[in-house]
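Shown next, in structure tokens, is the structure this report addresses.
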Amino acid sequence: MAKQTDFAEKAKKASMERGVKCPKCGTVKVPTLYVQSVPSAHGSYRFNRQRVQVCKCNEKEIYG
Ligand SMILES: [Zn+2]
């Protein structure tokens with residue numbers, strides 16, 4: 001029994017550490033790979049990839 005409780009506690013902790021709560025909206029931020037196509041010289045595009053933390057404040061910008 002004791003072991004099961006330990007495991008549950010650890011799992012709970014791990015899931016809590018994964019997400020950082022946004023102080024503005026209180027939503028847990030989700031790490032997302034955001035790919036943006038950026039026009040470069042000679043009329044071609046390059047892809048700008050960045051990891052962003054998505055919460056309610058910026059989800060509309062990220063997901064369109
Ligand atoms: Zn937010």
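Letters A, B, ... go to the chains of the structure tokens in the order shown; residues in each chain start at 1; ligands are counted from 1 in the same order.
Taking only C-alpha atoms and all ligand atoms into account, ligand 1 has within 12 Å the residues Val20, Lys21, Cys22, Pro23, Lys24, Cys25, Gly26, Thr27, Val28, Lys29, Val30, Gln53, Val54, Cys55, Lys56, Cys57, Asn58, Glu59 and Lys60 of chain A.
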From the DSSP assignment of the backbone, select every residue of chain A that is strand (DSSP E), and format the answer as a PyMOL selection string.
chain A and resi 20-21+28-39+45-54
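Interatomic distance, atom CA of A:Ile62 to atom CA of A:Ser44: 22.5 Å.
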Please measure the separation of atom CA of A:Gly43 and atom CA of A:Tyr63, giving the value in Å to one decimal.
25.4 Å
May I ask for the distance between atom CA of A:Gly19 and atom CA of A:Val35, given in Å to one decimal place?
21.2 Å
